[in-house]
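Next comes final28.txt, with compact mmCIF, C-alpha atoms and all ligand atoms.
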# COMPACT_ATOMS: atom_id res chain seq x y z
CA MET T 18 12.50 20.39 -5.30
CA ARG T 19 10.60 17.78 -3.33
CA GLY T 20 10.40 14.04 -3.80
CA ALA T 21 7.33 12.14 -4.90
CA LEU T 22 5.08 10.05 -2.65
CA ILE T 23 4.24 6.86 -4.51
CA VAL T 24 1.80 4.40 -2.96
CA PHE T 25 1.33 0.81 -4.08
CA GLU T 26 -2.00 -0.81 -3.34
CA GLY T 27 -3.71 -4.01 -4.42
CA THR T 28 -5.37 -7.10 -3.05
CA ASP T 29 -3.42 -9.86 -1.29
CA ARG T 30 -0.43 -11.43 -3.06
CA SER T 31 -0.74 -9.02 -6.01
CA GLY T 32 3.02 -8.40 -5.77
CA LYS T 33 3.11 -5.08 -3.88
CA SER T 34 6.13 -5.96 -1.73
CA THR T 35 7.97 -7.47 -4.73
CA GLN T 36 7.24 -4.52 -7.00
CA THR T 37 7.85 -1.75 -4.43
CA ARG T 38 11.34 -3.24 -4.02
CA ASN T 39 11.86 -3.56 -7.79
CA PHE T 40 10.54 -0.05 -8.38
CA THR T 41 12.77 1.45 -5.66
CA ASN T 42 15.80 -0.26 -7.20
CA ALA T 43 14.85 1.09 -10.63
CA LEU T 44 14.54 4.63 -9.22
CA GLN T 45 17.98 4.36 -7.62
CA ALA T 46 19.47 2.99 -10.85
CA ALA T 47 18.04 6.04 -12.63
CA GLY T 48 19.84 8.33 -10.14
CA ILE T 49 16.67 9.40 -8.30
CA ALA T 50 17.07 10.06 -4.55
CA VAL T 51 14.97 7.63 -2.52
CA ALA T 52 14.19 7.73 1.23
CA GLU T 53 16.42 5.51 3.39
CA HIS T 54 15.06 1.99 3.99
CA SER T 55 12.51 2.53 1.21
CA PRO T 56 10.10 0.96 0.42
CA TRP T 57 8.24 1.61 3.68
CA SER T 58 5.53 -0.95 4.40
CA PHE T 59 2.22 -0.68 6.20
CA PRO T 60 1.54 -2.28 8.54
CA HIS T 61 4.96 -1.38 9.92
CA ARG T 62 5.01 -4.48 12.13
CA THR T 63 7.96 -3.70 14.43
CA SER T 64 6.76 -0.40 15.95
CA PRO T 65 4.88 -0.67 19.29
CA VAL T 66 1.52 -0.30 17.51
CA GLY T 67 2.69 -2.57 14.69
CA GLN T 68 3.44 -5.39 17.13
CA VAL T 69 -0.17 -5.41 18.33
CA ILE T 70 -1.38 -5.43 14.70
CA ASN T 71 0.96 -8.31 13.89
CA ALA T 72 -0.37 -10.36 16.83
CA TYR T 73 -3.90 -9.82 15.48
CA LEU T 74 -3.03 -10.70 11.86
CA THR T 75 -1.32 -13.91 12.90
CA ASN T 76 -4.34 -14.93 15.03
CA LYS T 77 -2.55 -14.55 18.38
CA THR T 78 -4.96 -11.99 19.77
CA HIS T 79 -8.44 -10.60 19.24
CA LEU T 80 -9.35 -6.93 18.86
CA HIS T 81 -12.57 -4.99 18.33
CA GLU T 82 -12.81 -4.11 14.59
CA ARG T 83 -12.96 -0.36 15.31
CA ALA T 84 -9.97 -0.52 17.64
CA LEU T 85 -8.05 -2.43 14.96
CA HIS T 86 -8.93 0.19 12.32
CA LEU T 87 -7.63 2.98 14.55
CA LEU T 88 -4.42 1.03 15.25
CA PHE T 89 -3.73 0.59 11.51
CA SER T 90 -4.24 4.34 11.10
CA ALA T 91 -2.06 5.15 14.15
CA ASN T 92 0.64 2.98 12.58
CA ARG T 93 0.61 5.37 9.56
CA TRP T 94 0.55 8.49 11.75
CA GLU T 95 3.69 7.19 13.49
CA LYS T 96 5.46 7.67 10.13
CA ALA T 97 3.67 10.80 8.83
CA SER T 98 6.28 13.40 9.79
CA GLN T 99 9.12 11.18 8.54
CA ILE T 100 7.34 10.94 5.18
CA ARG T 101 6.94 14.73 4.92
CA GLN T 102 10.56 15.35 5.98
CA ALA T 103 11.91 12.93 3.36
CA LEU T 104 9.77 14.49 0.63
CA ARG T 105 11.00 17.98 1.60
CA ARG T 106 14.61 16.76 1.43
CA GLY T 107 13.93 15.83 -2.20
CA GLU T 108 13.68 12.09 -1.56
CA THR T 109 11.03 9.95 -3.19
CA VAL T 110 9.09 7.75 -0.76
CA VAL T 111 7.65 4.45 -1.96
CA LEU T 112 4.92 2.95 0.25
CA ASP T 113 3.76 -0.66 0.27
CA ARG T 114 0.05 -0.20 1.23
CA TYR T 115 -1.41 2.96 2.84
CA ALA T 116 -4.72 4.45 3.95
CA TYR T 117 -6.63 2.88 1.03
CA SER T 118 -5.89 -0.60 2.39
CA GLY T 119 -6.97 0.64 5.81
CA ILE T 120 -10.37 1.65 4.47
CA ALA T 121 -10.81 -1.27 2.06
CA TYR T 122 -10.33 -4.01 4.70
CA SER T 123 -12.38 -2.28 7.41
CA VAL T 124 -15.30 -1.42 5.10
CA ALA T 125 -15.22 -4.98 3.71
CA LYS T 126 -15.78 -6.16 7.30
CA GLY T 127 -18.81 -3.88 7.65
CA LEU T 128 -17.52 -0.60 9.14
CA PRO T 129 -18.93 2.67 7.72
CA LEU T 130 -16.83 4.30 4.98
CA THR T 131 -17.03 7.87 6.31
CA TRP T 132 -16.00 6.78 9.82
CA CYS T 133 -13.08 4.81 8.38
CA LYS T 134 -11.83 7.74 6.28
CA CYS T 135 -11.75 10.17 9.24
CA ALA T 136 -8.83 8.48 11.01
CA ASP T 137 -6.45 9.09 8.06
CA GLU T 138 -7.58 12.64 7.27
CA GLY T 139 -4.52 14.92 7.14
CA LEU T 140 -1.90 12.28 6.29
CA PRO T 141 0.41 13.20 3.39
CA ALA T 142 -1.45 12.52 0.13
CA PRO T 143 0.28 10.41 -2.53
CA ASP T 144 1.23 11.87 -5.91
CA VAL T 145 0.06 8.62 -7.42
CA VAL T 146 -1.48 5.32 -6.35
CA VAL T 147 -0.22 2.33 -8.33
CA PHE T 148 -2.94 -0.31 -8.01
CA LEU T 149 -1.85 -3.86 -8.79
CA HIS T 150 -4.83 -5.76 -10.11
CA LEU T 151 -4.57 -9.54 -9.65
CA SER T 152 -7.33 -11.99 -10.59
CA PRO T 153 -8.53 -14.22 -7.69
CA GLU T 154 -7.44 -17.30 -9.72
CA ALA T 155 -3.87 -15.99 -10.05
CA ALA T 156 -3.84 -14.95 -6.35
CA ALA T 157 -4.72 -18.48 -5.19
CA LYS T 158 -1.65 -19.86 -7.05
CA ARG T 159 0.84 -17.51 -5.37
CA ALA T 160 3.12 -18.69 -2.54
CA ASP T 161 1.76 -18.73 1.04
CA TYR T 162 -1.72 -17.60 -0.04
CA GLY T 163 -4.20 -18.30 2.76
CA SER T 164 -1.74 -18.11 5.65
CA GLU T 165 -3.18 -14.89 7.11
CA ARG T 166 -6.56 -13.91 8.44
CA TYR T 167 -8.11 -12.24 5.35
CA GLU T 168 -6.75 -14.44 2.61
CA ASN T 169 -9.94 -16.08 1.40
CA LYS T 170 -11.99 -15.46 -1.74
CA HIS T 171 -15.01 -13.94 0.03
CA MET T 172 -12.95 -11.31 1.87
CA GLN T 173 -10.76 -10.56 -1.15
CA THR T 174 -13.80 -9.96 -3.39
CA ALA T 175 -15.28 -7.58 -0.80
CA VAL T 176 -11.95 -5.73 -0.44
CA ALA T 177 -11.60 -5.40 -4.24
CA LYS T 178 -15.07 -3.81 -4.39
CA VAL T 179 -14.12 -1.10 -1.86
CA PHE T 180 -10.84 -0.39 -3.68
CA GLU T 181 -12.97 0.17 -6.81
CA GLN T 182 -15.11 2.66 -4.88
CA LEU T 183 -12.03 4.57 -3.70
CA ARG T 184 -10.37 4.66 -7.12
CA THR T 185 -9.98 8.05 -8.83
CA GLU T 186 -8.66 8.86 -12.30
CA GLN T 187 -5.26 9.59 -10.72
CA TRP T 188 -4.75 5.90 -9.90
CA LEU T 189 -2.62 3.80 -12.23
CA VAL T 190 -4.21 0.38 -12.51
CA VAL T 191 -1.66 -2.25 -13.56
CA ASP T 192 -2.55 -5.80 -14.60
CA ALA T 193 -0.47 -7.89 -12.16
CA ASP T 194 -1.26 -11.39 -13.50
CA ALA T 195 1.82 -11.29 -15.77
CA ASP T 196 5.39 -12.29 -14.81
CA GLU T 197 7.43 -10.08 -12.47
CA ALA T 198 9.55 -8.33 -15.14
CA THR T 199 6.53 -7.53 -17.32
CA VAL T 200 4.63 -6.07 -14.37
CA LEU T 201 7.65 -3.90 -13.42
CA ASN T 202 7.92 -2.54 -16.97
CA ARG T 203 4.23 -1.65 -16.93
CA ILE T 204 4.71 0.18 -13.61
CA LEU T 205 7.80 2.06 -14.80
CA ASP T 206 6.08 3.23 -17.99
CA SER T 207 3.18 4.69 -16.09
CA ALA T 208 4.72 5.87 -12.77
CA MET T 209 8.05 7.42 -13.80
CA PRO T 210 6.47 10.66 -15.13
CA THR T 211 4.98 11.25 -11.65
CA VAL T 212 8.45 11.57 -10.10
CA ALA T 213 9.37 14.36 -12.52
CA LYS T 214 6.00 16.06 -12.05
CA ALA T 215 6.33 16.15 -8.24
CA ARG T 216 9.60 18.10 -8.56
CA SER T 217 7.70 21.02 -10.08
CA THR T 218 4.83 20.83 -7.55
CA PRO T 219 6.26 22.09 -4.20
CA HIS T 220 3.04 21.66 -2.19
CA ILE T 221 2.52 18.34 -0.40
CA ALA T 222 -1.22 17.73 -0.30
CA SER T 223 -3.07 16.02 2.57
CA LEU T 224 -5.70 13.30 2.57
CA TRP T 225 -8.58 13.65 1.60
CA ASN T 226 -8.18 16.66 -0.65
N1 LIG T 301 -4.36 -4.29 6.37
C1 LIG T 301 -5.50 -3.75 6.94
O1 LIG T 301 -6.46 -4.45 7.24
N2 LIG T 301 -5.53 -2.41 7.19
C2 LIG T 301 -4.50 -1.58 6.88
O2 LIG T 301 -4.56 -0.36 7.14
C3 LIG T 301 -3.32 -2.16 6.27
C4 LIG T 301 -3.31 -3.52 6.03
C5 LIG T 301 -2.15 -1.28 5.92
C6 LIG T 301 -1.26 -7.67 6.03
O3 LIG T 301 -0.73 -6.77 5.10
C7 LIG T 301 -2.75 -7.50 6.13
O4 LIG T 301 -3.06 -6.24 6.74
C8 LIG T 301 -3.45 -7.48 4.79
C9 LIG T 301 -4.25 -6.20 4.75
C10 LIG T 301 -4.29 -5.75 6.17
N3 LIG T 301 -4.38 -8.57 4.66
N4 LIG T 301 -4.23 -9.74 4.77
N5 LIG T 301 -4.13 -10.85 4.96
P1 LIG T 301 0.67 -7.02 4.45
O5 LIG T 301 0.86 -5.94 3.43
O6 LIG T 301 1.70 -7.18 5.50
O7 LIG T 301 0.48 -8.43 3.70
P2 LIG T 301 1.66 -9.30 3.06
O8 LIG T 301 1.95 -10.41 3.96
O9 LIG T 301 2.81 -8.43 2.59
O10 LIG T 301 0.99 -9.89 1.79
P3 LIG T 301 0.48 -9.12 0.57
O11 LIG T 301 0.68 -7.67 0.74
O12 LIG T 301 -0.88 -9.56 0.39
O13 LIG T 301 1.39 -9.64 -0.62
P4 LIG T 301 2.07 -8.69 -1.73
O14 LIG T 301 3.04 -7.83 -1.06
O15 LIG T 301 1.04 -8.05 -2.54
O16 LIG T 301 2.78 -9.77 -2.63
P5 LIG T 301 4.34 -10.24 -2.64
O17 LIG T 301 4.74 -10.60 -1.23
O18 LIG T 301 5.16 -9.30 -3.39
O19 LIG T 301 4.17 -11.55 -3.52
C11 LIG T 301 3.44 -12.68 -3.03
C12 LIG T 301 4.08 -13.96 -3.63
O20 LIG T 301 3.89 -13.97 -5.04
C13 LIG T 301 5.60 -14.07 -3.39
O21 LIG T 301 5.93 -15.41 -3.24
C14 LIG T 301 6.18 -13.52 -4.69
O22 LIG T 301 7.47 -14.03 -4.97
C15 LIG T 301 5.17 -13.99 -5.71
N6 LIG T 301 5.05 -13.06 -6.86
C16 LIG T 301 5.13 -11.71 -6.86
N7 LIG T 301 4.95 -11.22 -8.10
C17 LIG T 301 4.72 -12.30 -8.91
C18 LIG T 301 4.45 -12.45 -10.31
N8 LIG T 301 4.36 -11.40 -11.13
N9 LIG T 301 4.24 -13.70 -10.79
C19 LIG T 301 4.30 -14.79 -9.95
N10 LIG T 301 4.58 -14.72 -8.62
C20 LIG T 301 4.77 -13.49 -8.11
MG MG T 302 3.27 -7.36 0.93

In structure tokens, write the structure found in this file.
Amino acid sequence: MRGALIVFEGTDRSGKSTQTRNFTNALQAAGIAVAEHSPWSFPHRTSPVGQVINAYLTNKTHLHERALHLLFSANRWEKASQIRQALRRGETVVLDRYAYSGIAYSVAKGLPLTWCKCADEGLPAPDVVVFLHLSPEAAAKRADYGSERYENKHMQTAVAKVFEQLRTEQWLVVDADADEATVLNRILDSAMPTVAKARSTPHIASLWN
């Protein structure tokens, strides 16, 4: 019986890091095996590739947009076999951002969608994408908003549009404007059944099937 791959996506400050932690704790409290150090975040800023990405995001270096896109993807490939191994051991893996963020930010900056998708083709596909939907007004009120490169209304609106394009009926869209506990309850109600379903689905699919 394998674990489930659960990806959290959403625009900036929508609470992905907060809720991936809360959700992981809730899984553990329910006796569900979770991968060590979960949730795993992308970008994974401490790996060699992640350090270059971090320097870019904090405005310490400049990179060509296409090179940056490939680095974000490489940062996921660095973890791909660890994700598959954990799932095969029966552990659920919770991811804070994934390939959908990769595409959304790059396409919002003007790169072609099909080119952007190619780099992530073959990565383990999630069993579900939990999309935290935060209104721009609520985002602007959250702590530290605006401290990184893309945190402005124009970019966030463009990113949200691409996420909408990528959305399928398998995504769980959760209204993230509410308080932390309410948002977690909404996530638990909709995402818990996925964990049980993955146990009876041995095959781990790949992007973009
Ligand atoms: N990026 C990319 O371009 N390509 C890629 O392939 C990938 C990423 C993977 C950094 O990502 C940037 O990289 C990002 C996209 C780009 N763009 N920018 N800028 P990141 O994931 O490292 O970003 P981050 O620094 O973690 O921020 P975030 O993800 O935008 O925030 P979040 O994780 O969604 O939110 P949070 O940290 O959980 O919460 C934000 C604050 O709000 C915090 O003070 C919380 O305590 C508070 N909070 C959380 N929930 C609530 C509720 N419900 N009510 C009130 N306050 C709340
Ligand atoms: Mg975060």

Interatomic distance, atom O10 of ligand LIG 301 (chain T) to atom CA of Ser152 of chain T (Å, one decimal): 15.1 Å

Can you list, as a PyMOL selection string, every protein, DNA or RNA residue that comes within 8 Å of segment 129-135 of chain T when you count all atoms listed in the file, leaving out same-chain residues fewer than 6 positions away? chain T and resi 86+119-120+123

Name the residues, by chain letter and number, that sit within 8 Å of ligand MG 302 (chain T) using only C-alpha atoms and all ligand atoms, and give them as a ChimeraX atom specification. /T:29-30,32-35,58,113-114

Nearest residue to ligand LIG 301 (chain T) out of T:Leu189, T:Ile221, T:Ala208, T:Leu128, using only C-alpha atoms and all ligand atoms?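 Closest to ligand LIG 301 (chain T) of all the choices is T:Leu128.
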
Top pick for closest residue to Leu112 of chain T, considering T:Val212, T:Leu224, T:Leu205, T:Ile100 and counting all atoms listed in the file: T:Ile100

Residue with smallest distance to Ala155 of chain T - pool T:Arg62, T:Thr28, T:Val110, T:Ala43, counting only C-alpha atoms: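 The closest residue to Ala155 of chain T is T:Thr28.
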
List the spatial neighbours of Asn226 of chain T as an mmCIF file with C-alpha atoms, in the frame of the given file - criterion: any atom at most 9 Å away, only C-alpha atoms, same-chain residues fewer than 6 positions off excluded.
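Heads up, here's the output in around14.cif:
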data_model
loop_
_atom_site.group_PDB
_atom_site.id
_atom_site.type_symbol
_atom_site.label_atom_id
_atom_site.label_comp_id
_atom_site.auth_asym_id
_atom_site.auth_seq_id
_atom_site.Cartn_x
_atom_site.Cartn_y
_atom_site.Cartn_z
ATOM 1 C CA GLU T 138 -7.580 12.640 7.270
ATOM 2 C CA GLY T 139 -4.520 14.920 7.140
ATOM 3 C CA ALA T 142 -1.450 12.520 0.130
#

With all atoms listed in the file as the atoms that count, which of T:Asn202, T:Thr174, T:Ser217, T:Ser207 lies nearest to Gly107 of chain T?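 Of T:Asn202, T:Thr174, T:Ser217, T:Ser207, the one nearest Gly107 of chain T is T:Ser217, counting all atoms listed in the file.
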
Separation of atom CA of Ala50 of chain T from atom CA of Arg19 of chain T, in Å and rounded to one decimal: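 Rounded to one decimal, the two atoms are 10.1 Å apart.
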
For ligand LIG 301 (chain T), which residue out of T:Asn71, T:Thr78, T:Ser55, T:Thr109 is the nearest one, using only C-alpha atoms and all ligand atoms?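 The shortest atom-to-atom distance to ligand LIG 301 (chain T) comes from T:Asn71.
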
Counting all atoms listed in the file, figure out which residue out of T:Met18, T:Val147, T:Ala175, T:Ala47 gets nearest to Ala125 of chain T. T:Ala175

List as a list in words the protein and nucleic acid residues near Gln102 of chain T, meaning an atom at most 12 Å away when all atoms listed in the file are counted, but skip any in the same chain fewer than 3 places from it.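 Once the nearby chain positions are removed, what remains is Arg19, Gly20, Ala21, Leu22, Ala52, Glu53, Lys96, Ala97, Ser98, Gln99, Arg105, Arg106, Gly107, Glu108, Thr109, Val110, Pro141 and Ile221 of chain T.
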
Report as a count of residues only all protein, DNA and RNA residues lying within 9 Å of Gln173 of chain T, evaluated on all atoms listed in the file, omitting residues in the same chain fewer than 4 positions from it. 10

Work out how far apart atom CA of Gln187 of chain T and atom O8 of ligand LIG 301 (chain T) are and give it in Å to one decimal. 25.8 Å
